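One structure is given here, and the rest of the page talks about it.
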Amino acid sequence: MAIIQENEGDNFGSQETSLLASKYLSFTKKDHHYYLATNYNNLGIVNGKLKNHQRSSEFFRKAVYYTDDHANRIIYQNNLANAFRRMEDYDKALSTYKNILNEKISKKEYARILSNFSYTKWLQKPNYNPIPELNEALKIRSQEKDNWGLNSSYSHLADYYTDKQQDAALLYATKMYSVSKEIKSPDDQIEALQKLIYLENQEHSRQYFKIYQKLNDSLQTARNKAKNQFALIRYETEKNKADFLRSKTESTQRQNHIIKQYFGLGLLIILLIISYFWFRKRQKILHQEKMLEVKNTELKYSKKVHDRVANKVYQVMSEVENIEDLHKEILLDRLEEIYEISRDITYEKEASENHNFKDQLSNMLKSYASDLVKIFITGNDQEIWQRTNHTQQNEVYCILQELMTNMKKHSNADKVLLKFSQHKSTVNISYTDNGIGIKQLSQKNGLQNTETRTKAIAGKIIFDTETDGLLKINISFPL
């Protein structure tokens with residue numbers, strides 16, 4: 001069941017099920033070793049997808065240790081090497097790949113390891129030329145009709161040529177997209193579309209971006225349905241188990257009913273006494289905390305109110321400017337939002353409690369788009385925001401709103417690219433526009449406020465001051 005959950009994209013549920021399964025497997029029983037290895041491999045895969053690469057490598061080590069099957073060992077060792085690569089521990093990754101290449105393996109496995117080896121070596125040494133090995137692996141996979149392998153080869157080749165020969169990168173990205181559709185792998189389709197959006201011209205990039213959005217939304221919907229289905233299965237299983245245990249203990253409970261009544265009454269009296277004193281103490285603490293919270297909230301939002309109102313007004317101005325048939329009701333709603341923020345800034349916290357922060361953020365960013373200004377957003381997935389708190393979401397929203405307002409008012413940009421990613425326990429946001437660059441920006445604009453907001457969530461913001469004609473900003477903060 002854990003493997004099925006992983007295949008359906010329910011990584012957290014898969015991890016929970018695998019950990020539960022491990023309780024029923026014995027390290028000392030030889031006939032359990034196959035299942036232990038399979039279970040640890042699944043834990044390694046889901047932790048890798050959840051960006052916990054250190055734990056992922058530990059689970060893959062255990063999978064290699066417990067397997068007695070040569071073919072499975074090759075797969076687990078390759079997975080372990082891939083985990084080292086994602087951790088940027090290239091020496092360990094290359095050493096593991098070499099060990100596999102020295103073993104007797106099939107052509108398909110040889111092509112897989114050779115492609116991963118040369119790709120990793122290039123990541124370690126950017127001046128290294130991996131093309132001979134990558135082409136050799138590609139040729140073998142083509143002969144073997146290994147479409148999954150071809151998909152991986154096209155991805156590696158597209159990555160290598162991206163900064164060297166964009167026509168070649170575009171060719172391989174296109175091939176990857178075609179193959180990923182044949183093998184019906186939505187994750188690989190999304191990866192290929194991201195490459196095409198970056199590599200294609202503006203017109204085709206916009207078309208691919210629409211496909212990317214539709215596919216990504218469809219994928220998230222399907223995976224959410226799968227999560228709900230697995231949750232229902234777990235619920236029914238636990239319910240049946242509880243019914244069985246309840247039936248088994250009913251006779252004993254009836255015999256001890258009178259004793260339990262007296263015991264419960266005495267315990268209740270004790271609990272009431274304890275609760276009374278605890279409640280009084282708790283009320284006092286809550287009152288103090290509430291007073292402190294009110295004071296802090298007043299200080300915090302009185303400082304921010306001018307910025308937030310100004311940016312919200314400018315966002316509405318952008319919508320009025322860019323949307324020809326803007327309905328009166330929508331405009332009234334926007335004005336009502338501005339009024340609510342001005343009247344009582346605490347409503348901002350209520351907005352931040354929207355669990356679908358991804359859509360809230362995406363809608364704000366897209367509101368700055370027009371026929372003259374194109375906004376490209378990649379990586380804005382709900383998984384990135386699941387571990388963030390309300391304060392972090394509010395500050396990120398304000399920082400990006402500040403940058404978009406600055407772009408609209410000062411930069412003269414017609415293209416804006418925002419990339420969201422998560423590495424281990426750090427969220428990274430990359431902002432790029434093709435405007436006048438930061439050197440020509442006024443020191444009086446809102447960019448200075450973004451530094452203060454970033455520090456408020458223990459983050460960092462770096463402005464690229466060396467590139468003329470571009471504004472590049474990198475934002476990162478810990479979870």
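By order in the structure tokens, chains are A, B, ...; within a chain, residues start at 1; ligands start at 1, following the order shown.
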
- Item | Close residues, segment 151-156 of chain A itself excluded, 9 Å, only C-alpha atoms, min 5 positions apart in chain, as a VMD selection string | chain A and resid 112 115 to 116 119 134 to 135 137 to 138 141 146 161 169 171 to 180 183 188 191 to 192 195

- Query: Contacts of Thr120 of chain A at 12 Å or less, counting only C-alpha atoms, minus same-chain residues fewer than 2 places along, as a PyMOL selection string?
  - Reply: chain A and resi 81-98+113-118+122-126+128-130+133-134+156+159-160

Resulting file, chosen residues, N, CA and C atoms, as an mmCIF file, in the first residue's frame:
data_model
loop_
_atom_site.group_PDB
_atom_site.id
_atom_site.type_symbol
_atom_site.label_atom_id
_atom_site.label_comp_id
_atom_site.auth_asym_id
_atom_site.auth_seq_id
_atom_site.Cartn_x
_atom_site.Cartn_y
_atom_site.Cartn_z
ATOM 1 N N ALA A 81 23.283 6.384 -4.975
ATOM 2 C CA ALA A 81 24.170 7.331 -5.660
ATOM 3 C C ALA A 81 23.422 8.597 -6.056
ATOM 4 N N ASN A 82 22.174 8.439 -6.512
ATOM 5 C CA ASN A 82 21.365 9.614 -6.863
ATOM 6 C C ASN A 82 21.116 10.498 -5.644
ATOM 7 N N ALA A 83 20.907 9.865 -4.480
ATOM 8 C CA ALA A 83 20.711 10.641 -3.248
ATOM 9 C C ALA A 83 21.973 11.427 -2.908
ATOM 10 N N PHE A 84 23.146 10.797 -3.053
ATOM 11 C CA PHE A 84 24.408 11.512 -2.823
ATOM 12 C C PHE A 84 24.526 12.703 -3.775
ATOM 13 N N ARG A 85 24.115 12.502 -5.028
ATOM 14 C CA ARG A 85 24.202 13.588 -6.011
ATOM 15 C C ARG A 85 23.302 14.757 -5.612
ATOM 16 N N ARG A 86 22.097 14.460 -5.158
ATOM 17 C CA ARG A 86 21.189 15.534 -4.755
ATOM 18 C C ARG A 86 21.698 16.251 -3.510
ATOM 19 N N MET A 87 22.503 15.536 -2.694
ATOM 20 C CA MET A 87 23.137 16.162 -1.529
ATOM 21 C C MET A 87 24.406 16.917 -1.926
ATOM 22 N N GLU A 88 24.745 16.836 -3.239
ATOM 23 C CA GLU A 88 25.968 17.459 -3.776
ATOM 24 C C GLU A 88 27.237 16.824 -3.197
ATOM 25 N N ASP A 89 27.104 15.588 -2.735
ATOM 26 C CA ASP A 89 28.272 14.812 -2.316
ATOM 27 C C ASP A 89 28.716 13.990 -3.529
ATOM 28 N N TYR A 90 29.335 14.689 -4.491
ATOM 29 C CA TYR A 90 29.616 14.086 -5.782
ATOM 30 C C TYR A 90 30.647 12.962 -5.698
ATOM 31 N N ASP A 91 31.609 13.066 -4.785
ATOM 32 C CA ASP A 91 32.628 12.020 -4.673
ATOM 33 C C ASP A 91 31.996 10.678 -4.313
ATOM 34 N N LYS A 92 31.104 10.674 -3.321
ATOM 35 C CA LYS A 92 30.433 9.432 -2.932
ATOM 36 C C LYS A 92 29.539 8.923 -4.064
ATOM 37 N N ALA A 93 28.858 9.849 -4.734
ATOM 38 C CA ALA A 93 27.973 9.451 -5.831
ATOM 39 C C ALA A 93 28.773 8.778 -6.948
ATOM 40 N N LEU A 94 29.878 9.409 -7.367
ATOM 41 C CA LEU A 94 30.690 8.857 -8.456
ATOM 42 C C LEU A 94 31.306 7.517 -8.061
ATOM 43 N N SER A 95 31.751 7.408 -6.813
ATOM 44 C CA SER A 95 32.325 6.149 -6.340
ATOM 45 C C SER A 95 31.300 5.020 -6.394
ATOM 46 N N THR A 96 30.065 5.325 -6.001
ATOM 47 C CA THR A 96 29.001 4.314 -6.027
ATOM 48 C C THR A 96 28.664 3.901 -7.453
ATOM 49 N N TYR A 97 28.574 4.891 -8.372
ATOM 50 C CA TYR A 97 28.310 4.570 -9.775
ATOM 51 C C TYR A 97 29.417 3.677 -10.349
ATOM 52 N N LYS A 98 30.685 3.997 -10.025
ATOM 53 C CA LYS A 98 31.810 3.201 -10.536
ATOM 54 C C LYS A 98 31.720 1.752 -10.059
ATOM 55 N N ILE A 113 23.339 3.693 -15.481
ATOM 56 C CA ILE A 113 24.435 4.085 -14.590
ATOM 57 C C ILE A 113 25.424 4.985 -15.319
ATOM 58 N N LEU A 114 25.714 4.674 -16.592
ATOM 59 C CA LEU A 114 26.662 5.490 -17.364
ATOM 60 C C LEU A 114 26.144 6.915 -17.526
ATOM 61 N N SER A 115 24.848 7.052 -17.818
ATOM 62 C CA SER A 115 24.266 8.385 -17.974
ATOM 63 C C SER A 115 24.314 9.160 -16.659
ATOM 64 N N ASN A 116 23.955 8.491 -15.561
ATOM 65 C CA ASN A 116 23.999 9.152 -14.252
ATOM 66 C C ASN A 116 25.428 9.516 -13.858
ATOM 67 N N PHE A 117 26.370 8.623 -14.163
ATOM 68 C CA PHE A 117 27.777 8.865 -13.817
ATOM 69 C C PHE A 117 28.314 10.100 -14.540
ATOM 70 N N SER A 118 28.124 10.156 -15.863
ATOM 71 C CA SER A 118 28.667 11.286 -16.630
ATOM 72 C C SER A 118 27.957 12.589 -16.272
ATOM 73 N N TRP A 122 29.789 15.866 -14.595
ATOM 74 C CA TRP A 122 29.677 17.229 -15.154
ATOM 75 C C TRP A 122 29.203 18.221 -14.089
ATOM 76 N N LEU A 123 28.276 17.788 -13.225
ATOM 77 C CA LEU A 123 27.827 18.664 -12.139
ATOM 78 C C LEU A 123 28.984 19.001 -11.211
ATOM 79 N N GLN A 124 29.859 18.014 -10.985
ATOM 80 C CA GLN A 124 31.007 18.245 -10.111
ATOM 81 C C GLN A 124 32.036 19.157 -10.788
ATOM 82 N N LYS A 125 32.274 18.919 -12.079
ATOM 83 C CA LYS A 125 33.265 19.700 -12.826
ATOM 84 C C LYS A 125 32.606 20.237 -14.097
ATOM 85 N N PRO A 126 32.096 21.476 -14.059
ATOM 86 C CA PRO A 126 31.366 22.039 -15.203
ATOM 87 C C PRO A 126 32.161 22.044 -16.508
ATOM 88 N N TYR A 128 33.949 19.578 -17.549
ATOM 89 C CA TYR A 128 34.007 18.204 -18.055
ATOM 90 C C TYR A 128 32.987 18.016 -19.176
ATOM 91 N N ASN A 129 33.374 17.275 -20.221
ATOM 92 C CA ASN A 129 32.490 17.022 -21.360
ATOM 93 C C ASN A 129 31.859 15.633 -21.220
ATOM 94 N N PRO A 130 30.567 15.565 -20.844
ATOM 95 C CA PRO A 130 29.926 14.263 -20.642
ATOM 96 C C PRO A 130 29.261 13.712 -21.898
ATOM 97 N N GLU A 133 29.723 9.906 -23.171
ATOM 98 C CA GLU A 133 29.022 8.916 -22.350
ATOM 99 C C GLU A 133 27.507 9.069 -22.449
ATOM 100 N N LEU A 134 27.030 10.330 -22.451
ATOM 101 C CA LEU A 134 25.585 10.558 -22.544
ATOM 102 C C LEU A 134 25.036 10.034 -23.867
ATOM 103 N N HIS A 156 19.060 14.863 -19.128
ATOM 104 C CA HIS A 156 20.474 15.164 -18.869
ATOM 105 C C HIS A 156 21.076 16.000 -19.995
ATOM 106 N N ASP A 159 19.781 19.607 -19.916
ATOM 107 C CA ASP A 159 20.437 20.371 -18.847
ATOM 108 C C ASP A 159 21.844 20.785 -19.254
ATOM 109 N N TYR A 160 22.583 19.865 -19.885
ATOM 110 C CA TYR A 160 23.971 20.173 -20.256
ATOM 111 C C TYR A 160 24.024 21.285 -21.298
#

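For the set A:Ser430, A:Phe420, A:Gly437, A:Ile74, the residue with the smallest atom-to-atom gap to Asn102 of chain A is A:Ile74, counting only C-alpha atoms.
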
Report as an mmCIF file with N, CA and C atoms, in the first residue's frame all protein, DNA and RNA residues lying within 7 Å of segment 34-37 of chain A, evaluated on only C-alpha atoms, omitting residues in the same chain fewer than 6 positions from it.
data_model
loop_
_atom_site.group_PDB
_atom_site.id
_atom_site.type_symbol
_atom_site.label_atom_id
_atom_site.label_comp_id
_atom_site.auth_asym_id
_atom_site.auth_seq_id
_atom_site.Cartn_x
_atom_site.Cartn_y
_atom_site.Cartn_z
ATOM 1 N N LEU A 25 8.032 -6.156 10.667
ATOM 2 C CA LEU A 25 9.109 -6.887 10.001
ATOM 3 C C LEU A 25 10.270 -7.092 10.964
ATOM 4 N N LYS A 62 20.239 0.964 3.893
ATOM 5 C CA LYS A 62 19.610 -0.196 4.529
ATOM 6 C C LYS A 62 18.989 -1.124 3.485
ATOM 7 N N ALA A 63 18.427 -0.543 2.431
ATOM 8 C CA ALA A 63 17.848 -1.369 1.366
ATOM 9 C C ALA A 63 18.926 -2.221 0.704
ATOM 10 N N VAL A 64 20.086 -1.615 0.431
ATOM 11 C CA VAL A 64 21.209 -2.357 -0.158
ATOM 12 C C VAL A 64 21.668 -3.466 0.790
ATOM 13 N N TYR A 66 19.998 -5.176 3.100
ATOM 14 C CA TYR A 66 19.094 -6.294 3.358
ATOM 15 C C TYR A 66 18.700 -7.071 2.107
ATOM 16 N N THR A 67 18.986 -6.558 0.922
ATOM 17 C CA THR A 67 18.559 -7.286 -0.276
ATOM 18 C C THR A 67 19.533 -8.408 -0.613
#

Please identify all polymer residues within 8 Å of segment 409-416 of chain A, counting only C-alpha atoms, omitting same-chain residues fewer than 6 positions from it, and present them as a PDB file with N, CA and C atoms, in the first residue's frame.
ATOM      1  N   LEU A 372       1.579  43.969 -22.152  1.00  0.00           N
ATOM      2  CA  LEU A 372       2.967  44.444 -22.267  1.00  0.00           C
ATOM      3  C   LEU A 372       3.886  43.781 -21.257  1.00  0.00           C
ATOM      4  N   VAL A 373       3.342  43.216 -20.219  1.00  0.00           N
ATOM      5  CA  VAL A 373       4.170  42.614 -19.167  1.00  0.00           C
ATOM      6  C   VAL A 373       3.729  41.164 -18.971  1.00  0.00           C
ATOM      7  N   LYS A 374       4.662  40.242 -19.160  1.00  0.00           N
ATOM      8  CA  LYS A 374       4.395  38.814 -19.022  1.00  0.00           C
ATOM      9  C   LYS A 374       5.006  38.301 -17.711  1.00  0.00           C
ATOM     10  N   ILE A 375       4.198  37.565 -16.980  1.00  0.00           N
ATOM     11  CA  ILE A 375       4.644  37.018 -15.691  1.00  0.00           C
ATOM     12  C   ILE A 375       4.747  35.498 -15.817  1.00  0.00           C
ATOM     13  N   PHE A 376       5.920  34.945 -15.517  1.00  0.00           N
ATOM     14  CA  PHE A 376       6.138  33.496 -15.557  1.00  0.00           C
ATOM     15  C   PHE A 376       6.420  33.001 -14.143  1.00  0.00           C
ATOM     16  N   TYR A 431      13.706  35.953  -8.266  1.00  0.00           N
ATOM     17  CA  TYR A 431      12.956  36.954  -9.031  1.00  0.00           C
ATOM     18  C   TYR A 431      13.875  37.538 -10.100  1.00  0.00           C
ATOM     19  N   THR A 432      13.420  37.576 -11.351  1.00  0.00           N
ATOM     20  CA  THR A 432      14.211  38.172 -12.436  1.00  0.00           C
ATOM     21  C   THR A 432      13.283  38.974 -13.337  1.00  0.00           C
ATOM     22  N   ASP A 433      13.696  40.208 -13.684  1.00  0.00           N
ATOM     23  CA  ASP A 433      12.997  40.952 -14.733  1.00  0.00           C
ATOM     24  C   ASP A 433      14.024  41.595 -15.658  1.00  0.00           C
ATOM     25  N   ASN A 434      13.578  41.913 -16.852  1.00  0.00           N
ATOM     26  CA  ASN A 434      14.494  42.464 -17.855  1.00  0.00           C
ATOM     27  C   ASN A 434      14.361  43.978 -17.967  1.00  0.00           C
ATOM     28  N   GLY A 435      14.208  44.618 -16.814  1.00  0.00           N
ATOM     29  CA  GLY A 435      14.070  46.071 -16.785  1.00  0.00           C
ATOM     30  C   GLY A 435      15.407  46.793 -16.785  1.00  0.00           C
ATOM     31  N   ILE A 436      15.435  47.944 -16.147  1.00  0.00           N
ATOM     32  CA  ILE A 436      16.621  48.803 -16.211  1.00  0.00           C
ATOM     33  C   ILE A 436      17.710  48.360 -15.261  1.00  0.00           C
ATOM     34  N   GLY A 437      17.440  47.376 -14.406  1.00  0.00           N
ATOM     35  CA  GLY A 437      18.468  46.907 -13.470  1.00  0.00           C
ATOM     36  C   GLY A 437      18.469  47.705 -12.187  1.00  0.00           C
ATOM     37  N   LEU A 441      17.812  52.143 -10.096  1.00  0.00           N
ATOM     38  CA  LEU A 441      16.602  52.278  -9.289  1.00  0.00           C
ATOM     39  C   LEU A 441      16.784  53.313  -8.192  1.00  0.00           C
TER      40      LEU A 441
END

- Note on the structure: Shortest contact to Asn201 of chain A, candidates A:Tyr24, A:Leu157, A:Leu170, A:Asn224, atoms counted only C-alpha atoms, goes to A:Leu170

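Between atom CA of Ile429 of chain A and atom CA of Phe477 of chain A the separation is 9.0 Å.
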
- Query: Got a sec to tell me which of segment 356-458 of chain A DSSP assigns to strand (DSSP E or B), as an MDAnalysis selection string?
  - Reply: chainID A and resid 374:378 415:423 426:433

- 10 Å contact set for segment 19-22 of chain A, only C-alpha atoms, chain neighbours under 4 positions out, as an MDAnalysis selection string: chainID A and resid 1:2 13:15 26:27 35:36 39:40 43

- Message: For the helix (DSSP H, G or I) assignment from backbone DSSP, which residues of segment 68-236 of chain A qualify? Please present them as a PyMOL selection string.
- Response: chain A and resi 70-86+90-101+107-124+131-143+147-161+166-182+186-199+202-236
